[in-house]
$ cat entry-v6.cif   # mmCIF, C-alpha atoms
data_query
loop_
_atom_site.group_PDB
_atom_site.id
_atom_site.type_symbol
_atom_site.label_atom_id
_atom_site.label_comp_id
_atom_site.auth_asym_id
_atom_site.auth_seq_id
_atom_site.Cartn_x
_atom_site.Cartn_y
_atom_site.Cartn_z
ATOM 1 C CA MET A 5 25.906 -102.135 68.588
ATOM 2 C CA LYS A 6 29.365 -103.468 69.407
ATOM 3 C CA MET A 7 30.089 -104.815 72.898
ATOM 4 C CA ARG A 8 32.967 -106.627 74.501
ATOM 5 C CA HIS A 9 31.825 -109.975 75.930
ATOM 6 C CA ILE A 10 33.349 -112.088 78.661
ATOM 7 C CA CYS A 11 34.386 -115.427 77.125
ATOM 8 C CA LEU A 12 34.419 -118.608 79.177
ATOM 9 C CA ALA A 13 35.897 -122.035 78.456
ATOM 10 C CA SER A 14 35.296 -125.358 80.187
ATOM 11 C CA ALA A 15 37.900 -128.145 80.271
ATOM 12 C CA GLY A 16 38.193 -129.829 76.877
ATOM 13 C CA ALA A 17 35.547 -127.595 75.345
ATOM 14 C CA ILE A 18 35.626 -124.843 72.760
ATOM 15 C CA ALA A 19 35.513 -121.329 74.238
ATOM 16 C CA PHE A 20 32.247 -119.530 73.845
ATOM 17 C CA CYS A 21 31.010 -115.994 74.450
ATOM 18 C CA ALA A 22 27.807 -115.836 76.457
ATOM 19 C CA ALA A 23 25.696 -112.807 77.246
ATOM 20 C CA PRO A 24 28.090 -110.657 79.298
ATOM 21 C CA ALA A 25 27.915 -110.540 83.074
ATOM 22 C CA PHE A 26 29.665 -107.196 82.705
ATOM 23 C CA ALA A 27 30.584 -104.953 79.810
ATOM 24 C CA ASP A 28 33.688 -102.794 79.770
ATOM 25 C CA SER A 29 33.204 -101.088 76.413
ATOM 26 C CA PHE A 30 30.516 -100.763 73.774
ATOM 27 C CA SER A 31 29.496 -98.523 70.898
ATOM 28 C CA TYR A 32 26.255 -97.653 69.139
ATOM 29 C CA PRO A 33 26.992 -96.003 65.769
ATOM 30 C CA ASP A 34 23.176 -95.956 65.514
ATOM 31 C CA PHE A 35 20.256 -97.645 67.279
ATOM 32 C CA THR A 36 18.995 -100.177 64.752
ATOM 33 C CA ASP A 37 19.760 -102.812 67.422
ATOM 34 C CA THR A 38 18.583 -102.027 70.963
ATOM 35 C CA SER A 39 18.634 -105.604 72.265
ATOM 36 C CA HIS A 40 21.269 -104.661 74.846
ATOM 37 C CA LEU A 41 19.182 -101.820 76.269
ATOM 38 C CA THR A 42 16.384 -101.749 78.832
ATOM 39 C CA MET A 43 13.894 -99.163 77.567
ATOM 40 C CA VAL A 44 11.296 -97.645 79.892
ATOM 41 C CA GLY A 45 8.444 -95.189 79.421
ATOM 42 C CA SER A 46 8.043 -92.963 76.364
ATOM 43 C CA ILE A 47 11.325 -93.974 74.738
ATOM 44 C CA ALA A 48 11.457 -95.524 71.252
ATOM 45 C CA THR A 49 13.668 -95.684 68.193
ATOM 46 C CA THR A 50 12.803 -93.631 65.156
ATOM 47 C CA VAL A 51 14.319 -92.956 61.747
ATOM 48 C CA THR A 52 15.428 -89.365 61.126
ATOM 49 C CA GLY A 53 17.917 -87.621 58.883
ATOM 50 C CA ASP A 54 20.536 -88.860 61.370
ATOM 51 C CA GLY A 55 19.537 -92.503 60.803
ATOM 52 C CA THR A 56 17.908 -94.686 63.453
ATOM 53 C CA VAL A 57 18.122 -92.700 66.678
ATOM 54 C CA LEU A 58 17.139 -93.366 70.281
ATOM 55 C CA ARG A 59 14.261 -90.945 70.925
ATOM 56 C CA ILE A 60 14.184 -90.541 74.708
ATOM 57 C CA ILE A 61 10.895 -88.656 74.419
ATOM 58 C CA PRO A 62 8.831 -87.377 71.488
ATOM 59 C CA ALA A 63 7.831 -83.736 71.125
ATOM 60 C CA ALA A 64 4.670 -83.938 73.248
ATOM 61 C CA ALA A 65 3.602 -82.791 76.711
ATOM 62 C CA GLY A 66 4.048 -84.855 79.875
ATOM 63 C CA GLN A 67 6.485 -87.490 78.576
ATOM 64 C CA ALA A 68 9.207 -89.400 80.447
ATOM 65 C CA GLY A 69 11.572 -92.035 79.077
ATOM 66 C CA ALA A 70 14.771 -93.862 79.968
ATOM 67 C CA ALA A 71 17.231 -96.395 78.555
ATOM 68 C CA TYR A 72 19.841 -98.402 80.465
ATOM 69 C CA SER A 73 22.500 -100.925 79.494
ATOM 70 C CA ILE A 74 20.974 -104.365 79.965
ATOM 71 C CA ALA A 75 24.222 -105.589 81.568
ATOM 72 C CA PRO A 76 25.977 -103.654 84.322
ATOM 73 C CA VAL A 77 29.236 -101.956 83.515
ATOM 74 C CA GLN A 78 32.207 -103.136 85.544
ATOM 75 C CA LEU A 79 33.923 -99.845 86.192
ATOM 76 C CA GLY A 80 37.648 -99.849 85.577
ATOM 77 C CA ALA A 81 40.591 -99.609 87.959
ATOM 78 C CA GLY A 82 39.925 -96.711 90.268
ATOM 79 C CA ASN A 83 36.297 -96.791 89.026
ATOM 80 C CA THR A 84 37.137 -94.917 85.836
ATOM 81 C CA PHE A 85 34.959 -94.474 82.765
ATOM 82 C CA SER A 86 34.658 -92.356 79.639
ATOM 83 C CA THR A 87 31.627 -91.897 77.435
ATOM 84 C CA GLN A 88 30.722 -89.836 74.417
ATOM 85 C CA PHE A 89 27.386 -89.377 72.663
ATOM 86 C CA GLN A 90 25.833 -87.093 70.081
ATOM 87 C CA PHE A 91 22.370 -85.665 70.621
ATOM 88 C CA ARG A 92 19.891 -83.423 68.850
ATOM 89 C CA PHE A 93 16.788 -81.674 70.256
ATOM 90 C CA THR A 94 14.178 -80.728 67.641
ATOM 91 C CA ASN A 95 10.563 -79.627 67.143
ATOM 92 C CA PRO A 96 10.223 -77.652 70.401
ATOM 93 C CA GLY A 97 6.766 -76.459 71.437
ATOM 94 C CA GLY A 98 4.498 -75.500 74.282
ATOM 95 C CA ALA A 99 5.684 -73.126 76.994
ATOM 96 C CA ASP A 100 9.355 -73.463 75.982
ATOM 97 C CA PRO A 101 11.745 -76.209 74.763
ATOM 98 C CA ALA A 102 11.732 -78.769 77.598
ATOM 99 C CA ASP A 103 12.955 -80.394 79.638
ATOM 100 C CA GLY A 104 16.222 -81.966 78.531
ATOM 101 C CA ILE A 105 18.028 -85.224 79.212
ATOM 102 C CA THR A 106 20.420 -86.799 81.698
ATOM 103 C CA PHE A 107 23.258 -89.243 81.295
ATOM 104 C CA VAL A 108 22.805 -91.567 84.258
ATOM 105 C CA LEU A 109 24.724 -94.231 86.175
ATOM 106 C CA ALA A 110 22.550 -96.276 88.531
ATOM 107 C CA ALA A 111 22.998 -99.281 90.803
ATOM 108 C CA SER A 112 19.822 -100.892 89.397
ATOM 109 C CA PRO A 113 18.393 -100.893 85.857
ATOM 110 C CA GLY A 114 15.047 -99.586 84.709
ATOM 111 C CA GLY A 115 14.629 -96.588 87.003
ATOM 112 C CA LEU A 116 12.315 -93.939 85.568
ATOM 113 C CA GLY A 117 11.686 -90.726 87.464
ATOM 114 C CA VAL A 118 8.944 -88.148 87.132
ATOM 115 C CA ALA A 119 8.237 -86.112 84.006
ATOM 116 C CA GLY A 120 8.521 -82.347 83.665
ATOM 117 C CA TYR A 121 11.107 -80.810 85.968
ATOM 118 C CA GLY A 122 12.127 -84.326 87.101
ATOM 119 C CA MET A 123 13.790 -84.983 83.699
ATOM 120 C CA GLY A 124 12.830 -88.658 84.012
ATOM 121 C CA TYR A 125 15.495 -88.886 86.724
ATOM 122 C CA ALA A 126 14.007 -87.529 89.970
ATOM 123 C CA GLY A 127 13.382 -90.541 92.203
ATOM 124 C CA VAL A 128 16.009 -92.937 90.773
ATOM 125 C CA PRO A 129 17.942 -94.165 93.867
ATOM 126 C CA ASN A 130 21.682 -94.890 94.193
ATOM 127 C CA SER A 131 22.497 -92.959 91.063
ATOM 128 C CA LEU A 132 24.363 -90.055 89.577
ATOM 129 C CA ALA A 133 23.222 -88.020 86.585
ATOM 130 C CA ILE A 134 24.680 -85.296 84.427
ATOM 131 C CA GLU A 135 21.731 -83.191 83.348
ATOM 132 C CA LEU A 136 21.522 -81.259 80.086
ATOM 133 C CA ASP A 137 18.598 -79.018 80.990
ATOM 134 C CA THR A 138 16.711 -76.877 78.449
ATOM 135 C CA TYR A 139 13.950 -75.448 80.670
ATOM 136 C CA ASN A 140 13.954 -72.755 83.355
ATOM 137 C CA ASN A 141 11.887 -74.090 86.270
ATOM 138 C CA GLY A 142 12.527 -71.317 88.758
ATOM 139 C CA ASN A 143 15.021 -69.252 90.664
ATOM 140 C CA PRO A 144 17.674 -70.357 93.155
ATOM 141 C CA GLY A 145 16.299 -70.513 96.673
ATOM 142 C CA SER A 146 12.667 -70.848 95.642
ATOM 143 C CA LEU A 147 10.457 -73.226 97.631
ATOM 144 C CA GLY A 148 9.275 -76.683 96.669
ATOM 145 C CA PRO A 149 10.824 -79.049 94.111
ATOM 146 C CA PHE A 150 12.682 -76.210 92.372
ATOM 147 C CA ALA A 151 14.725 -75.232 95.445
ATOM 148 C CA ALA A 152 18.038 -76.049 93.758
ATOM 149 C CA GLU A 153 16.983 -75.128 90.218
ATOM 150 C CA PRO A 154 19.181 -72.484 88.570
ATOM 151 C CA ASP A 155 17.655 -69.502 86.799
ATOM 152 C CA SER A 156 18.612 -70.916 83.404
ATOM 153 C CA SER A 157 17.093 -72.677 80.409
ATOM 154 C CA ASN A 158 20.447 -73.909 79.081
ATOM 155 C CA HIS A 159 22.576 -75.508 81.776
ATOM 156 C CA VAL A 160 24.605 -78.541 82.798
ATOM 157 C CA ALA A 161 24.594 -79.831 86.389
ATOM 158 C CA LEU A 162 25.199 -82.899 88.552
ATOM 159 C CA ASP A 163 22.290 -84.695 90.241
ATOM 160 C CA ILE A 164 22.842 -87.311 92.959
ATOM 161 C CA GLY A 165 20.660 -90.004 94.507
ATOM 162 C CA GLY A 166 17.586 -89.300 92.400
ATOM 163 C CA ALA A 167 17.374 -85.698 93.654
ATOM 164 C CA LEU A 168 17.729 -82.657 91.422
ATOM 165 C CA THR A 169 20.625 -81.274 93.403
ATOM 166 C CA ASN A 170 21.884 -79.200 90.445
ATOM 167 C CA ALA A 171 25.401 -79.259 91.889
ATOM 168 C CA ASN A 172 28.131 -77.363 90.033
ATOM 169 C CA TRP A 173 25.624 -75.987 87.532
ATOM 170 C CA THR A 174 26.820 -73.808 84.689
ATOM 171 C CA ASN A 175 25.226 -72.049 81.714
ATOM 172 C CA VAL A 176 26.265 -73.714 78.462
ATOM 173 C CA TYR A 177 28.561 -71.412 76.497
ATOM 174 C CA GLY A 178 27.635 -68.778 79.111
ATOM 175 C CA ASN A 179 24.062 -68.476 77.763
ATOM 176 C CA GLY A 180 21.260 -69.209 80.239
ATOM 177 C CA SER A 181 18.422 -67.771 78.146
ATOM 178 C CA CYS A 182 17.373 -70.249 75.430
ATOM 179 C CA GLY A 183 13.578 -70.430 75.512
ATOM 180 C CA PHE A 184 11.003 -68.887 73.195
ATOM 181 C CA ALA A 185 10.594 -65.130 73.171
ATOM 182 C CA GLY A 186 7.602 -64.546 75.459
ATOM 183 C CA GLY A 187 7.910 -68.002 77.012
ATOM 184 C CA GLN A 188 7.524 -68.832 80.694
ATOM 185 C CA PRO A 189 9.564 -66.933 81.823
ATOM 186 C CA ALA A 190 10.267 -64.772 78.764
ATOM 187 C CA GLN A 191 13.512 -65.917 77.138
ATOM 188 C CA GLY A 192 14.957 -66.658 73.760
ATOM 189 C CA PRO A 193 15.860 -67.320 71.145
ATOM 190 C CA ASN A 194 16.375 -71.067 71.451
ATOM 191 C CA THR A 195 17.755 -71.161 67.883
ATOM 192 C CA ALA A 196 20.903 -69.230 68.830
ATOM 193 C CA PRO A 197 24.320 -70.889 68.594
ATOM 194 C CA GLY A 198 25.225 -72.407 71.948
ATOM 195 C CA CYS A 199 21.597 -73.195 72.885
ATOM 196 C CA MET A 200 21.139 -76.954 73.341
ATOM 197 C CA SER A 201 17.590 -76.743 71.950
ATOM 198 C CA ASN A 202 18.758 -75.122 68.683
ATOM 199 C CA GLY A 203 18.494 -78.331 66.623
ATOM 200 C CA ASP A 204 22.228 -78.765 66.026
ATOM 201 C CA LEU A 205 24.007 -82.107 66.337
ATOM 202 C CA TRP A 206 25.804 -81.705 69.668
ATOM 203 C CA THR A 207 28.593 -83.846 71.120
ATOM 204 C CA ALA A 208 28.881 -84.566 74.852
ATOM 205 C CA THR A 209 32.004 -86.102 76.397
ATOM 206 C CA ILE A 210 32.200 -87.271 80.027
ATOM 207 C CA ASN A 211 35.406 -88.534 81.643
ATOM 208 C CA TYR A 212 35.796 -89.836 85.209
ATOM 209 C CA ASP A 213 39.288 -90.717 86.473
ATOM 210 C CA GLY A 214 38.237 -92.425 89.689
ATOM 211 C CA SER A 215 38.109 -89.266 91.780
ATOM 212 C CA ALA A 216 37.005 -86.370 89.577
ATOM 213 C CA MET A 217 34.725 -85.775 86.575
ATOM 214 C CA ASP A 218 35.016 -83.648 83.440
ATOM 215 C CA VAL A 219 32.081 -82.834 81.152
ATOM 216 C CA SER A 220 32.404 -81.003 77.842
ATOM 217 C CA LEU A 221 29.978 -80.082 75.072
ATOM 218 C CA PHE A 222 30.469 -79.144 71.453
ATOM 219 C CA ASP A 223 28.009 -77.226 69.255
ATOM 220 C CA PRO A 224 29.233 -77.029 65.645
ATOM 221 C CA ALA A 225 27.584 -73.609 65.334
ATOM 222 C CA MET A 226 30.029 -72.348 67.982
ATOM 223 C CA GLY A 227 33.050 -74.252 66.667
ATOM 224 C CA THR A 228 34.699 -74.488 70.087
ATOM 225 C CA THR A 229 34.426 -76.957 72.963
ATOM 226 C CA PHE A 230 32.611 -75.778 76.106
ATOM 227 C CA HIS A 231 34.054 -77.240 79.302
ATOM 228 C CA ALA A 232 30.984 -77.475 81.511
ATOM 229 C CA LEU A 233 32.552 -79.332 84.462
ATOM 230 C CA THR A 234 36.267 -79.609 85.150
ATOM 231 C CA ALA A 235 37.825 -81.899 87.773
ATOM 232 C CA VAL A 236 34.717 -81.990 89.975
ATOM 233 C CA PRO A 237 35.533 -84.269 92.968
ATOM 234 C CA LEU A 238 33.216 -87.298 93.175
ATOM 235 C CA ASP A 239 33.293 -90.619 95.001
ATOM 236 C CA LEU A 240 31.284 -92.706 92.581
ATOM 237 C CA VAL A 241 31.384 -95.911 94.640
ATOM 238 C CA SER A 242 29.952 -94.117 97.676
ATOM 239 C CA ILE A 243 27.218 -92.499 95.576
ATOM 240 C CA LEU A 244 26.163 -95.735 93.851
ATOM 241 C CA GLY A 245 26.973 -98.092 96.706
ATOM 242 C CA THR A 246 28.748 -100.372 94.196
ATOM 243 C CA ASP A 247 31.635 -100.383 91.705
ATOM 244 C CA THR A 248 29.323 -101.506 88.908
ATOM 245 C CA ALA A 249 26.627 -99.458 87.221
ATOM 246 C CA TYR A 250 23.869 -99.565 84.647
ATOM 247 C CA VAL A 251 24.440 -96.638 82.314
ATOM 248 C CA GLY A 252 22.082 -94.782 80.025
ATOM 249 C CA PHE A 253 19.820 -91.791 79.588
ATOM 250 C CA THR A 254 16.627 -90.260 80.931
ATOM 251 C CA GLY A 255 14.541 -87.375 79.648
ATOM 252 C CA SER A 256 11.184 -85.687 80.012
ATOM 253 C CA SER A 257 8.773 -82.960 79.010
ATOM 254 C CA GLY A 258 6.079 -81.029 80.842
ATOM 255 C CA ALA A 259 4.134 -78.039 79.563
ATOM 256 C CA GLY A 260 6.966 -77.560 77.085
ATOM 257 C CA TRP A 261 8.494 -80.248 74.893
ATOM 258 C CA GLU A 262 10.996 -81.270 72.204
ATOM 259 C CA ASN A 263 12.169 -84.418 70.450
ATOM 260 C CA GLU A 264 15.130 -85.611 72.515
ATOM 261 C CA ASP A 265 17.291 -87.852 70.324
ATOM 262 C CA ILE A 266 20.520 -89.725 71.061
ATOM 263 C CA VAL A 267 22.140 -90.214 67.664
ATOM 264 C CA ASN A 268 25.122 -92.380 68.659
ATOM 265 C CA TRP A 269 26.891 -93.442 71.838
ATOM 266 C CA ARG A 270 30.084 -95.110 72.981
ATOM 267 C CA PHE A 271 31.381 -96.064 76.409
ATOM 268 C CA SER A 272 34.645 -97.341 77.852
ATOM 269 C CA ASN A 273 35.855 -98.092 81.361
ATOM 270 C CA THR A 274 39.485 -97.821 80.213
ATOM 271 C CA ALA A 275 40.030 -95.395 77.330
ATOM 272 C CA VAL A 276 39.828 -91.624 77.684
ATOM 273 C CA LEU A 277 37.766 -90.247 74.828
ATOM 274 C CA PRO A 278 38.602 -86.966 73.059
ATOM 275 C CA SER A 279 36.380 -84.034 73.910
ATOM 276 C CA ALA A 280 35.032 -82.825 70.570
ATOM 277 C CA PRO A 281 35.132 -84.923 67.367
ATOM 278 C CA GLU A 282 34.518 -83.205 64.087
ATOM 279 C CA PRO A 283 31.457 -84.701 62.314
ATOM 280 C CA ALA A 284 33.577 -86.050 59.441
ATOM 281 C CA SER A 285 35.847 -87.933 61.832
ATOM 282 C CA TRP A 286 33.088 -89.654 63.854
ATOM 283 C CA ALA A 287 33.163 -92.861 61.788
ATOM 284 C CA MET A 288 36.951 -93.108 62.111
ATOM 285 C CA MET A 289 36.719 -92.613 65.873
ATOM 286 C CA ILE A 290 34.103 -95.375 66.203
ATOM 287 C CA ALA A 291 36.400 -97.666 64.211
ATOM 288 C CA GLY A 292 39.354 -96.724 66.404
ATOM 289 C CA PHE A 293 37.307 -97.357 69.514
ATOM 290 C CA GLY A 294 36.578 -100.877 68.272
ATOM 291 C CA ALA A 295 40.289 -101.393 67.604
ATOM 292 C CA ILE A 296 41.105 -100.489 71.217
ATOM 293 C CA GLY A 297 38.642 -103.147 72.346
ATOM 294 C CA ALA A 298 40.249 -105.706 70.026
ATOM 295 C CA VAL A 299 43.704 -105.062 71.501
ATOM 296 C CA LEU A 300 42.364 -105.355 75.029
ATOM 297 C CA ARG A 301 40.616 -108.624 74.137
ATOM 298 C CA GLN A 302 43.890 -110.082 72.905
ATOM 299 C CA ARG A 303 45.544 -109.189 76.203
ATOM 300 C CA ARG A 304 42.922 -110.816 78.394
ATOM 301 C CA ALA A 305 43.196 -114.581 78.908
ATOM 302 C CA LEU A 306 40.141 -116.808 78.883
ATOM 303 C CA VAL A 307 38.723 -117.804 82.257
ATOM 304 C CA SER A 308 39.047 -121.619 82.571
ATOM 305 C CA PHE A 309 37.153 -124.005 84.798
ATOM 306 C CA ALA A 310 38.482 -127.451 85.706
#

$ encode --input "entry-v6.cif" --output "structure tokens"
Amino acid sequence: MKMRHICLASAGAIAFCAAPAFADSFSYPDFTDTSHLTMVGSIATTVTGDGTVLRIIPAAAGQAGAAYSIAPVQLGAGNTFSTQFQFRFTNPGGADPADGITFVLAASPGGLGVAGYGMGYAGVPNSLAIELDTYNNGNPGSLGPFAAEPDSSNHVALDIGGALTNANWTNVYGNGSCGFAGGQPAQGPNTAPGCMSNGDLWTATINYDGSAMDVSLFDPAMGTTFHALTAVPLDLVSILGTDTAYVGFTGSSGAGWENEDIVNWRFSNTAVLPSAPEPASWAMMIAGFGAIGAVLRQRRALVSFA
């Protein structure tokens, strides 16, 4: 993992880089080193054909896991950020592939919500999540905890304040039916192109310009970028109650399950990341991302204390 550190110097002393009070950019080409993450619940690292991945939950019933940056992110001017990660969901079973993951920004680290429909997020206060949901929990307008749940097993939505608000939800690539044939409810097939539970290596890109958010997804089986959310107005400081955030992922399973793996991840509070890297160019983009950080480091003076 590569992270920009804040470097401090005392009078007459050599500058040193301590553990960062804030981070403004970092990258995980893989997850062999998770020392800068707070990991909660069912989450673990595991070695797959993709290398050492961050397995939010294993393919088993009733799991919930989360990972957060160990240091808060100091959001950029205007509270901007960009992040990109690749994920793969495999080995689905039970009632249907379930339940999916969220990318989360929270005012405090370590929050883990309920399993099943809660996606490991429900109950995390002062937070915002982008959910990548692979399970159909009910119909719009139904009673109980599924009141805002769309009739879809393949959707992206915004959740705020630890509640599954499912704001601005949309079916990924226009396909809301990605469960097993004969599942609960009957859907399928999850293996189709454009279904997040199809086992492909997907790319998610999230950009926030200080007032509005864009979210895009890329499935190589489709070959085109799907723009899930475009210029959705959001006041991130009001939602979080702060201009800093702990960033990471949550995920869960219930009566259905899947391995939910984050393969790589990068974050910046300054650079805008491209929406859909080709697999062959991922290594070059990680290298370029590190170069951006190096330039920014050169431009920032050391903080001195008399």

$ atom_distance --input "entry-v6.cif" --atom1 "atom CA of Val241 of chain A" --atom2 "atom CA of Ile74 of chain A"
19.9 Å

$ residues_around --input "entry-v6.cif" --residues "segment 60-63 of chain A" --least-positions-apart "6" --cutoff "8 Å" --atoms "all atoms listed in the file" --output "PyMOL selection string"
chain A and resi 46-48+69-71+94-97+105+253-257+261-266

$ resolve_selection --input "entry-v6.cif" --expression "the PyMOL selection byres ((chain A and resi 273) around 6)" --output "number ranges by chain"
A: 28, 79-80, 84-85, 272, 274

$ axis_aligned_box --input "entry-v6.cif" --around "segment 154-170 of chain A" --padding-each-side "6 Å" --output "AutoDock Vina command-line options"
--center_x 21.1 --center_y -79.8 --center_z 86.8 --size_x 20.1 --size_y 32.5 --size_z 27.4

$ closest_atom_pairs --input "entry-v6.cif" --of "segment 78-145 of chain A" --to "segment 159-176 of chain A" --cutoff "7 Å" --atoms "all atoms listed in the file" --output "CSV"
residue,atom,partner,partner_atom,distance
A:Tyr125,CA,A:Gly166,CA,6.1
A:Ala126,CA,A:Gly166,CA,4.7
A:Gly127,CA,A:Gly166,CA,4.4
A:Val128,CA,A:Gly166,CA,4.3
A:Pro129,CA,A:Gly165,CA,5.0
A:Asn130,CA,A:Gly165,CA,5.0
A:Ser131,CA,A:Gly165,CA,4.9
A:Leu132,CA,A:Ile164,CA,4.6
A:Ala133,CA,A:Asp163,CA,5.0
A:Ile134,CA,A:Leu162,CA,4.8
A:Glu135,CA,A:Ala161,CA,5.4
A:Leu136,CA,A:Val160,CA,4.9
A:Asp137,CA,A:His159,CA,5.4
A:Thr138,CA,A:His159,CA,6.9

$ resolve_selection --input "entry-v6.cif" --expression "the PyMOL selection byres ((chain A and resi 202) around 10)" --output "list of chain:residue names"
A:Arg92, A:Phe93, A:Thr94, A:Asn95, A:Pro96, A:Pro101, A:Cys182, A:Gly183, A:Pro193, A:Asn194, A:Thr195, A:Ala196, A:Pro197, A:Gly198, A:Cys199, A:Met200, A:Ser201, A:Gly203, A:Asp204, A:Leu205, A:Trp206, A:Asp223, A:Ala225

$ atom_distance --input "entry-v6.cif" --atom1 "atom CA of Val251 of chain A" --atom2 "atom CA of Asp37 of chain A"
16.8 Å

$ atom_distance --input "entry-v6.cif" --atom1 "atom CA of Asn179 of chain A" --atom2 "atom CA of Gly122 of chain A"
21.9 Å

$ resolve_selection --input "entry-v6.cif" --expression "the PyMOL selection byres ((chain A and resi 235) around 8)" --output "ChimeraX atom specification"
/A:216-218,233-234,236-237

$ closest_residue --input "entry-v6.cif" --among "A:Tyr139, A:Tyr250, A:Tyr177, A:Trp269" --to "Gln90 of chain A" --atoms "all atoms listed in the file"
A:Trp269

$ closest_residue --input "entry-v6.cif" --among "A:Gly214, A:Gly260, A:Pro33, A:Gly142" --to "Asp239 of chain A" --atoms "only C-alpha atoms"
A:Gly214

$ residues_around --input "entry-v6.cif" --residues "Gln191 of chain A" --least-positions-apart "4" --cutoff "9 Å" --atoms "all atoms listed in the file" --output "ChimeraX atom specification"
/A:100,157,180-187

$ closest_residue --input "entry-v6.cif" --among "A:Gly258, A:Gly178, A:Ser242, A:Thr42" --to "Met226 of chain A" --atoms "all atoms listed in the file"
A:Gly178
